[in-house]
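S.K.: upload.cif (mmCIF, C-alpha atoms and all ligand atoms) pasted underneath:
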```
data_query
#
loop_
_atom_site.label_atom_id
_atom_site.label_comp_id
_atom_site.auth_asym_id
_atom_site.auth_seq_id
_atom_site.Cartn_x
_atom_site.Cartn_y
_atom_site.Cartn_z
CA MET V 1 -14.74 10.18 -4.36
CA MET V 2 -13.91 7.06 -2.40
CA THR V 3 -14.53 7.09 1.33
CA ILE V 4 -12.63 5.36 4.11
CA GLU V 5 -15.54 2.90 4.27
CA ALA V 6 -14.37 1.42 0.96
CA HIS V 7 -11.04 0.56 2.61
CA SER V 8 -12.81 -0.87 5.65
CA GLN V 9 -14.81 -3.20 3.41
CA ILE V 10 -11.66 -4.94 2.19
CA ALA V 11 -9.80 -4.87 5.53
CA ASP V 12 -10.23 -8.61 6.10
CA PHE V 13 -8.80 -9.35 2.63
CA TYR V 14 -5.96 -6.82 2.74
CA LYS V 15 -3.41 -9.34 4.05
CA TRP V 16 -3.47 -10.97 0.61
CA ARG V 17 -1.99 -7.97 -1.19
CA PRO V 18 1.52 -8.67 -2.50
CA ALA V 19 3.95 -8.28 0.40
CA TYR V 20 6.94 -5.94 0.44
CA ALA V 21 10.16 -7.97 0.15
CA PRO V 22 12.35 -8.03 3.30
CA SER V 23 15.27 -6.72 1.19
CA PHE V 24 13.13 -3.71 0.31
CA PHE V 25 13.11 -2.58 3.94
CA ALA V 26 16.86 -3.11 4.38
CA THR V 27 17.61 -1.03 1.27
CA ALA V 28 15.10 1.69 2.10
CA ALA V 29 16.34 1.87 5.72
CA GLN V 30 19.87 2.43 4.43
CA LYS V 31 18.71 5.16 2.04
CA LEU V 32 16.84 6.93 4.86
CA GLY V 33 19.84 6.51 7.19
CA LEU V 34 17.72 4.84 9.88
CA THR V 35 19.26 4.10 13.27
CA ALA V 36 17.93 2.66 16.54
CA ASP V 37 17.04 6.25 17.51
CA SER V 38 14.98 6.99 14.41
CA CYS V 39 11.25 7.52 14.65
CA LEU V 40 8.93 7.13 11.62
CA LEU V 41 5.38 7.97 10.70
CA ASP V 42 3.67 5.35 8.50
CA LEU V 43 0.86 7.42 7.00
CA CYS V 44 -2.30 5.61 5.81
CA CYS V 45 -0.66 2.52 7.27
CA GLY V 46 -3.39 -0.04 6.52
CA ARG V 47 -2.40 -3.09 8.57
CA GLY V 48 1.04 -1.61 9.16
CA GLU V 49 2.72 -3.21 6.15
CA LEU V 50 5.48 -0.57 6.21
CA ALA V 51 5.51 -0.01 9.99
CA SER V 52 6.12 -3.70 10.64
CA GLY V 53 8.81 -3.98 7.97
CA PHE V 54 10.69 -0.90 9.19
CA SER V 55 10.28 -1.52 12.93
CA ARG V 56 13.48 -3.53 13.28
CA PHE V 57 15.50 -0.74 11.64
CA CYS V 58 14.36 2.09 13.92
CA GLY V 59 13.35 3.00 17.45
CA GLY V 60 9.64 3.53 16.92
CA VAL V 61 6.86 4.01 14.39
CA TYR V 62 3.61 5.94 14.62
CA ALA V 63 1.23 4.18 12.25
CA VAL V 64 -1.83 6.24 11.32
CA ASP V 65 -4.91 5.09 9.43
CA GLY V 66 -8.47 6.36 9.14
CA SER V 67 -10.08 2.92 9.05
CA GLN V 68 -10.77 1.21 12.38
CA ARG V 69 -11.26 -2.07 10.55
CA MET V 70 -7.82 -1.81 8.96
CA LEU V 71 -6.38 -1.19 12.42
CA ASP V 72 -8.38 -4.14 13.79
CA ASN V 73 -6.32 -6.24 11.33
CA SER V 74 -3.03 -4.54 12.18
CA ILE V 75 0.29 -6.32 12.63
CA ALA V 76 1.23 -5.90 16.30
CA MET V 77 4.96 -5.47 16.86
CA PRO V 78 7.06 -3.81 19.58
CA GLY V 79 7.72 -0.16 18.86
CA ILE V 80 4.63 0.45 16.68
CA THR V 81 1.93 2.81 17.98
CA TYR V 82 -1.24 2.54 15.90
CA LEU V 83 -3.45 5.63 15.81
CA LEU V 84 -6.89 6.16 14.27
CA HIS V 85 -6.98 9.48 12.39
CA ASP V 86 -8.50 10.70 9.14
CA VAL V 87 -5.59 12.61 7.63
CA ASN V 88 -7.88 14.76 5.48
CA ASN V 89 -10.26 15.76 8.25
CA GLU V 90 -8.11 16.01 11.36
CA ASP V 91 -5.11 18.03 12.44
CA ILE V 92 -2.70 15.29 13.40
CA SER V 93 -0.17 16.22 16.08
CA LEU V 94 2.04 13.32 17.08
CA ALA V 95 3.58 13.13 20.57
CA LYS V 96 6.93 14.10 18.99
CA PRO V 97 8.18 15.03 15.53
CA VAL V 98 9.36 12.13 13.38
CA ASP V 99 12.59 11.71 11.40
CA HIS V 100 10.85 10.50 8.26
CA ILE V 101 7.40 9.77 6.85
CA VAL V 102 6.69 6.61 4.84
CA ILE V 103 3.56 6.22 2.70
CA GLY V 104 2.68 2.89 1.06
CA SER V 105 0.21 2.76 -1.84
CA ALA V 106 -1.68 5.69 -0.38
CA ILE V 107 -0.29 9.10 -1.36
CA HIS V 108 -3.24 9.51 -3.77
CA TRP V 109 -5.64 9.42 -0.78
CA VAL V 110 -3.91 12.34 0.97
CA GLU V 111 -5.16 15.78 -0.11
CA PRO V 112 -2.25 18.16 -0.90
CA GLN V 113 -3.21 20.62 1.87
CA SER V 114 -3.51 17.74 4.37
CA LEU V 115 -0.02 16.55 3.50
CA GLU V 116 1.39 20.05 3.87
CA ARG V 117 -0.26 20.52 7.28
CA LEU V 118 0.90 17.12 8.49
CA VAL V 119 4.48 17.64 7.33
CA LYS V 120 4.71 21.09 8.92
CA ARG V 121 3.51 19.81 12.30
CA ASN V 122 5.20 16.45 12.50
CA LEU V 123 8.31 16.11 10.32
CA LYS V 124 11.76 17.23 11.47
CA PRO V 125 13.39 19.87 9.23
CA GLN V 126 15.81 17.40 7.61
CA GLY V 127 13.14 14.72 7.36
CA LYS V 128 12.41 12.83 4.14
CA VAL V 129 9.24 11.32 2.72
CA LEU V 130 9.37 7.82 1.22
CA VAL V 131 6.49 7.05 -1.14
CA THR V 132 6.33 3.39 -2.04
CA HIS V 133 4.22 0.71 -3.68
CA THR V 134 4.20 -3.07 -4.05
CA LEU V 135 2.47 -4.94 -6.85
CA MET V 136 2.36 -8.24 -8.69
CA THR V 137 2.68 -7.56 -12.42
CA ILE V 138 0.48 -10.05 -14.28
CA GLN V 139 -0.55 -8.07 -17.37
CA ASN V 140 1.83 -9.99 -19.64
CA GLN V 141 0.61 -13.42 -18.55
CA PRO V 142 -1.41 -15.48 -21.09
CA TRP V 143 -4.32 -15.80 -18.61
CA TYR V 144 -4.52 -12.08 -17.81
CA ARG V 145 -7.05 -11.16 -20.51
CA GLY V 146 -9.40 -13.91 -19.29
CA LEU V 147 -9.12 -12.65 -15.72
CA ALA V 148 -9.74 -9.05 -16.82
CA ASN V 149 -12.83 -10.15 -18.77
CA LEU V 150 -14.11 -12.10 -15.77
CA ASN V 151 -13.57 -9.09 -13.49
CA ALA V 152 -15.40 -6.85 -15.97
CA THR V 153 -18.45 -9.13 -15.74
CA TYR V 154 -18.34 -8.53 -11.97
CA GLY V 155 -18.29 -4.76 -12.41
CA LYS V 156 -14.59 -3.94 -12.33
CA VAL V 157 -14.07 -0.74 -14.31
CA GLY V 158 -11.00 1.21 -15.32
CA ALA V 159 -7.31 0.48 -15.30
CA SER V 160 -4.96 0.40 -12.33
CA ARG V 161 -3.66 3.72 -11.03
CA SER V 162 -0.76 5.15 -12.97
CA VAL V 163 2.79 5.14 -11.60
CA LYS V 164 2.63 8.97 -11.74
CA GLU V 165 -0.40 9.05 -9.45
CA LEU V 166 1.06 6.46 -7.07
CA GLY V 167 4.42 8.28 -7.02
CA GLY V 168 2.90 11.51 -5.69
CA ALA V 169 5.50 13.89 -7.15
CA ASP V 170 2.94 16.69 -7.63
CA ARG V 171 1.69 16.47 -4.05
CA LEU V 172 5.22 16.42 -2.67
CA ALA V 173 6.30 19.31 -4.89
CA ALA V 174 3.40 21.38 -3.52
CA CYS V 175 4.93 20.87 -0.05
CA GLY V 176 8.43 21.85 -1.22
CA PHE V 177 9.87 18.37 -1.73
CA SER V 178 11.63 16.86 -4.73
CA ASN V 179 12.83 13.40 -5.71
CA VAL V 180 16.31 12.78 -4.23
CA ASP V 181 16.64 9.00 -4.45
CA GLY V 182 14.80 5.85 -5.43
CA LEU V 183 14.77 2.10 -5.28
CA ARG V 184 13.20 -0.71 -7.25
CA LEU V 185 13.41 -4.36 -6.25
CA GLY V 186 11.64 -7.54 -7.16
CA GLY V 187 11.66 -10.45 -9.54
CA PRO V 188 9.78 -13.48 -10.80
CA ALA V 189 7.20 -14.97 -8.45
CA THR V 190 4.93 -18.01 -8.57
CA PHE V 191 1.63 -18.55 -6.77
CA ASP V 192 -1.33 -20.88 -6.85
CA VAL V 193 -4.86 -20.18 -8.08
CA GLU V 194 -6.14 -19.73 -4.54
CA TYR V 195 -3.57 -16.97 -3.95
CA LEU V 196 -4.69 -15.25 -7.18
CA TYR V 197 -8.32 -15.43 -6.01
CA ARG V 198 -7.47 -13.99 -2.60
CA SER V 199 -5.30 -11.24 -4.01
CA GLN V 200 -8.17 -10.20 -6.31
CA LEU V 201 -10.38 -9.88 -3.22
CA SER V 202 -7.86 -7.46 -1.73
CA TYR V 203 -8.53 -5.03 -4.64
CA LEU V 204 -12.35 -5.05 -4.51
CA TYR V 205 -13.62 -1.49 -4.64
CA GLY V 206 -16.99 0.01 -5.58
CA GLY V 207 -19.36 -2.08 -7.70
CA PHE V 208 -16.69 -4.78 -8.06
CA TYR V 209 -16.80 -5.24 -4.29
CA ASP V 210 -20.61 -5.40 -4.25
CA ARG V 211 -20.88 -8.00 -7.01
CA VAL V 212 -18.00 -10.29 -5.97
CA SER V 213 -18.79 -10.23 -2.25
CA ALA V 214 -22.37 -11.26 -3.09
CA ASP V 215 -21.05 -14.30 -5.01
CA LEU V 216 -17.70 -15.26 -3.48
CA GLU V 217 -17.89 -18.96 -4.31
CA GLY V 218 -19.16 -18.31 -7.84
CA TYR V 219 -16.33 -15.84 -8.45
CA ARG V 220 -13.76 -18.24 -7.02
CA LYS V 221 -14.94 -21.06 -9.31
CA ARG V 222 -15.06 -18.88 -12.42
CA LEU V 223 -11.59 -17.54 -11.70
CA ALA V 224 -10.24 -21.10 -11.30
CA ASP V 225 -11.97 -22.15 -14.56
CA THR V 226 -10.39 -19.17 -16.32
CA VAL V 227 -6.75 -19.60 -15.28
CA SER V 228 -6.17 -23.21 -14.18
CA ALA V 229 -5.22 -24.47 -17.65
CA HIS V 230 -2.21 -22.12 -17.51
CA CYS V 231 -0.72 -23.57 -14.30
CA ASN V 232 2.66 -25.27 -14.58
CA ALA V 233 3.31 -28.88 -13.53
CA ASP V 234 3.48 -27.74 -9.88
CA GLY V 235 0.08 -26.06 -10.11
CA LYS V 236 1.58 -22.56 -10.14
CA LEU V 237 0.98 -19.38 -12.11
CA SER V 238 3.67 -16.77 -12.68
CA GLY V 239 4.01 -13.04 -12.19
CA THR V 240 6.63 -10.43 -11.32
CA LEU V 241 6.78 -8.92 -7.87
CA VAL V 242 7.83 -5.27 -7.93
CA ASN V 243 8.54 -3.04 -4.93
CA TRP V 244 9.46 0.52 -5.76
CA GLY V 245 10.02 3.61 -3.72
CA ILE V 246 10.78 7.30 -4.24
CA VAL V 247 12.63 9.26 -1.57
CA TYR V 248 11.66 12.93 -1.43
CA GLY V 249 13.74 15.57 0.36
CA ARG V 250 13.11 19.25 1.01
CA VAL V 251 14.15 21.52 -1.79
CA ALA V 252 16.98 23.69 -0.40
C1 LIG V 301 -4.12 0.86 -0.31
S1 LIG V 301 -4.11 0.96 1.46
C2 LIG V 301 -2.37 1.08 1.85
C3 LIG V 301 -2.01 0.36 3.12
C4 LIG V 301 -0.51 0.24 3.42
N1 LIG V 301 0.07 1.56 3.61
C5 LIG V 301 0.27 -0.50 2.36
O1 LIG V 301 1.38 -0.08 2.02
O2 LIG V 301 -0.20 -1.54 1.90
C6 LIG V 301 -4.66 2.63 1.70
C7 LIG V 301 -4.91 2.94 3.17
O3 LIG V 301 -5.14 4.36 3.27
C8 LIG V 301 -6.10 4.55 4.28
N2 LIG V 301 -6.72 5.87 4.09
C9 LIG V 301 -7.41 6.30 3.00
N3 LIG V 301 -7.84 7.56 3.19
C10 LIG V 301 -7.42 7.92 4.43
C11 LIG V 301 -7.55 9.11 5.21
N4 LIG V 301 -8.23 10.17 4.74
N5 LIG V 301 -6.98 9.16 6.44
C12 LIG V 301 -6.30 8.08 6.93
N6 LIG V 301 -6.15 6.93 6.24
C13 LIG V 301 -6.70 6.85 5.01
C14 LIG V 301 -7.08 3.40 4.11
O4 LIG V 301 -7.87 3.18 5.24
C15 LIG V 301 -6.13 2.26 3.76
O5 LIG V 301 -5.76 1.53 4.91
#
```
Starting from the file, lay out its structure as structure tokens.

M.R.:
Amino acid sequence: MMTIEAHSQIADFYKWRPAYAPSFFATAAQKLGLTADSCLLDLCCGRGELASGFSRFCGGVYAVDGSQRMLDNSIAMPGITYLLHDVNNEDISLAKPVDHIVIGSAIHWVEPQSLERLVKRNLKPQGKVLVTHTLMTIQNQPWYRGLANLNATYGKVGASRSVKELGGADRLAACGFSNVDGLRLGGPATFDVEYLYRSQLSYLYGGFYDRVSADLEGYRKRLADTVSAHCNADGKLSGTLVNWGIVYGRVA
């Protein structure tokens, strides 16, 4: 079982995760029917990746995370109130109920009973829950196998989380919600080797964190040696940026 400390360890690197596209927020805001009066809860907000993207489409956002170090790295913007709470170990009562809850790359960290308690206390009756994720797909790139092998030598185990787990349908169903809408945006992206190195640091968990953080320069050099031959004439590698979201509404 991973603790919040594991998130704190990568807080300084988290800004290098693939960003949500600006068009993602515009589309999601439309699907949620956001107005200047709307208030959101960004649950397990990290640095406020969702809170900051949605802030211009609504009146205010409560952004809750259990890691002080994540919040130390948070994106300060008008209208966002950052709050330190462990969703699984505290009864969270916001100053007022919110219109909608948004959860980015984090529904799998929220225990089903915690989600139910939080929703009951803090979400308006017509409120929706948006579960979303952003990722750079690189598995079909010719250099991917080399990168995966390198990461394995540094203790990375297991595959990425499944879309089912990240989508949270089971957890939402247990609270009486079902899928009512969705969105998927993205497209081809290019980046340099340094970006690839930094983005790998933003996914360091467990033994992978221990081994890479003890040899940052060695890891950086080996990664460059592994992928550089695949860069195009501009020194870039390719991937596909994908932002997806599932909108859940209360079952009537
Ligand atoms: C993968 S990050 C997602 C950050 C951001 N929402 C995003 O879309 O990129 C997961 C976040 O969940 C937070 N988290 C994990 N367990 C938590 C808990 N029990 N209570 C509050 N936050 C938690 C971590 O501290 C971390 O910031």

S.K.: Need the shell around V:Gly218: protein/DNA/RNA residues with any atom at most 12 Å away, counting all atoms listed in the file. Skip same-chain ones fewer than 5 positions apart. Format as number ranges by chain?

M.R.: V: 150, 154, 197, 211-213, 223-225

S.K.: Write to file, as a compact mmCIF listing (two decimals), in the frame of the given file, the residues of the selection just made, with C-alpha atoms.

M.R.:
```txt
# COMPACT_ATOMS: atom_id res chain seq x y z
CA LEU V 150 -14.11 -12.10 -15.77
CA TYR V 154 -18.34 -8.53 -11.97
CA TYR V 197 -8.32 -15.43 -6.01
CA ARG V 211 -20.88 -8.00 -7.01
CA VAL V 212 -18.00 -10.29 -5.97
CA SER V 213 -18.79 -10.23 -2.25
CA LEU V 223 -11.59 -17.54 -11.70
CA ALA V 224 -10.24 -21.10 -11.30
CA ASP V 225 -11.97 -22.15 -14.56
```

S.K.: V:Trp244, V:Tyr144, V:Phe177, V:Phe57: which is nearest ligand LIG 301 (chain V), counting all atoms listed in the file?

M.R.: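 Smallest distance to ligand LIG 301 (chain V) is found for V:Trp244.
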
S.K.: So, with all atoms listed in the file as the atoms that count, which of V:Gln30, V:Asn243, V:Asn140, V:Asn122 lies closest to ligand LIG 301 (chain V)?

M.R.: V:Asn243

S.K.: Taking all atoms listed in the file into account, which residues have an atom no farther than 9 Å from ligand LIG 301 (chain V)? I'd like them as a VMD selection string.

M.R.: chain V and resid 2 to 8 11 14 to 15 17 to 20 42 to 51 64 to 71 84 to 90 102 to 111 114 132 to 134 203

S.K.: Select, counting only C-alpha atoms, all protein, DNA and RNA residues no farther than 6 Å from (4.2, -7.5, -9.8) in file coordinates, and express the selection as an NGL selection string.

M.R.: :V and (135-137 or 240-242)

S.K.: Name all residues at most 9 Å from V:Ser55 (count all atoms listed in the file; drop same-chain ones fewer than 2 positions away) and give them as a list of chain:residue names.

M.R.: V:Leu40, V:Leu50, V:Ala51, V:Ser52, V:Gly53, V:Phe57, V:Cys58, V:Gly59, V:Gly60, V:Val61, V:Met77, V:Pro78, V:Gly79, V:Ile80

S.K.: What's the separation between atom CA of V:Ile10 and atom CA of V:Leu201, in Å to one decimal place?

M.R.: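 Those two atoms sit 7.4 Å apart.
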
S.K.: Within 8 Å of (18.3, 15.7, 4.8) (file coordinates; only C-alpha atoms), which protein or nucleic acid residues are there? I'd like them as a ChimeraX atom specification.

M.R.: /V:125-128,249-250

S.K.: Expressed in Å to a single decimal, how great is the separation between atom CA of V:Cys231 and atom CA of V:Asp192?

M.R.: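 These atoms are spaced 7.9 Å apart.
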
S.K.: If we count all atoms listed in the file, what is near V:Ala173 at a cut-off of 10 Å, once residues fewer than 5 positions away on the same chain are taken out, given as a ChimeraX atom specification?

M.R.: /V:112,168,178-179,248-251

S.K.: What's the separation between atom CA of V:Gly167 and atom CA of V:Gly146, in Å to one decimal place?

M.R.: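 Separation of atom CA of V:Gly167 and atom CA of V:Gly146: 28.9 Å.
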
S.K.: I'd like to know which of V:Tyr209, V:Leu147, V:Val98, V:Ala252 is closest to V:Arg222, using only C-alpha atoms.

M.R.: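 Result for the nearest residue to V:Arg222: V:Leu147.
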
S.K.: Mind checking which residues fall within 10 Å of V:Pro142, counting only C-alpha atoms, ignoring those fewer than 3 positions away in the same chain, and posting them as a compact mmCIF listing (two decimals) with C-alpha atoms, in the coordinates of the input?

M.R.:
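Produced file around-v5.txt, reproduced below:
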```txt
# COMPACT_ATOMS: atom_id res chain seq x y z
CA ILE V 138 0.48 -10.05 -14.28
CA GLN V 139 -0.55 -8.07 -17.37
CA ARG V 145 -7.05 -11.16 -20.51
CA GLY V 146 -9.40 -13.91 -19.29
CA LEU V 147 -9.12 -12.65 -15.72
CA VAL V 227 -6.75 -19.60 -15.28
CA HIS V 230 -2.21 -22.12 -17.51
CA SER V 238 3.67 -16.77 -12.68
```

S.K.: Ranking V:Lys156, V:Ala169, V:Cys175, V:Pro22 by minimum distance to V:Leu118 and counting all atoms listed in the file, which one comes first?

M.R.: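 Under the stated criterion, the closest residue is V:Cys175.
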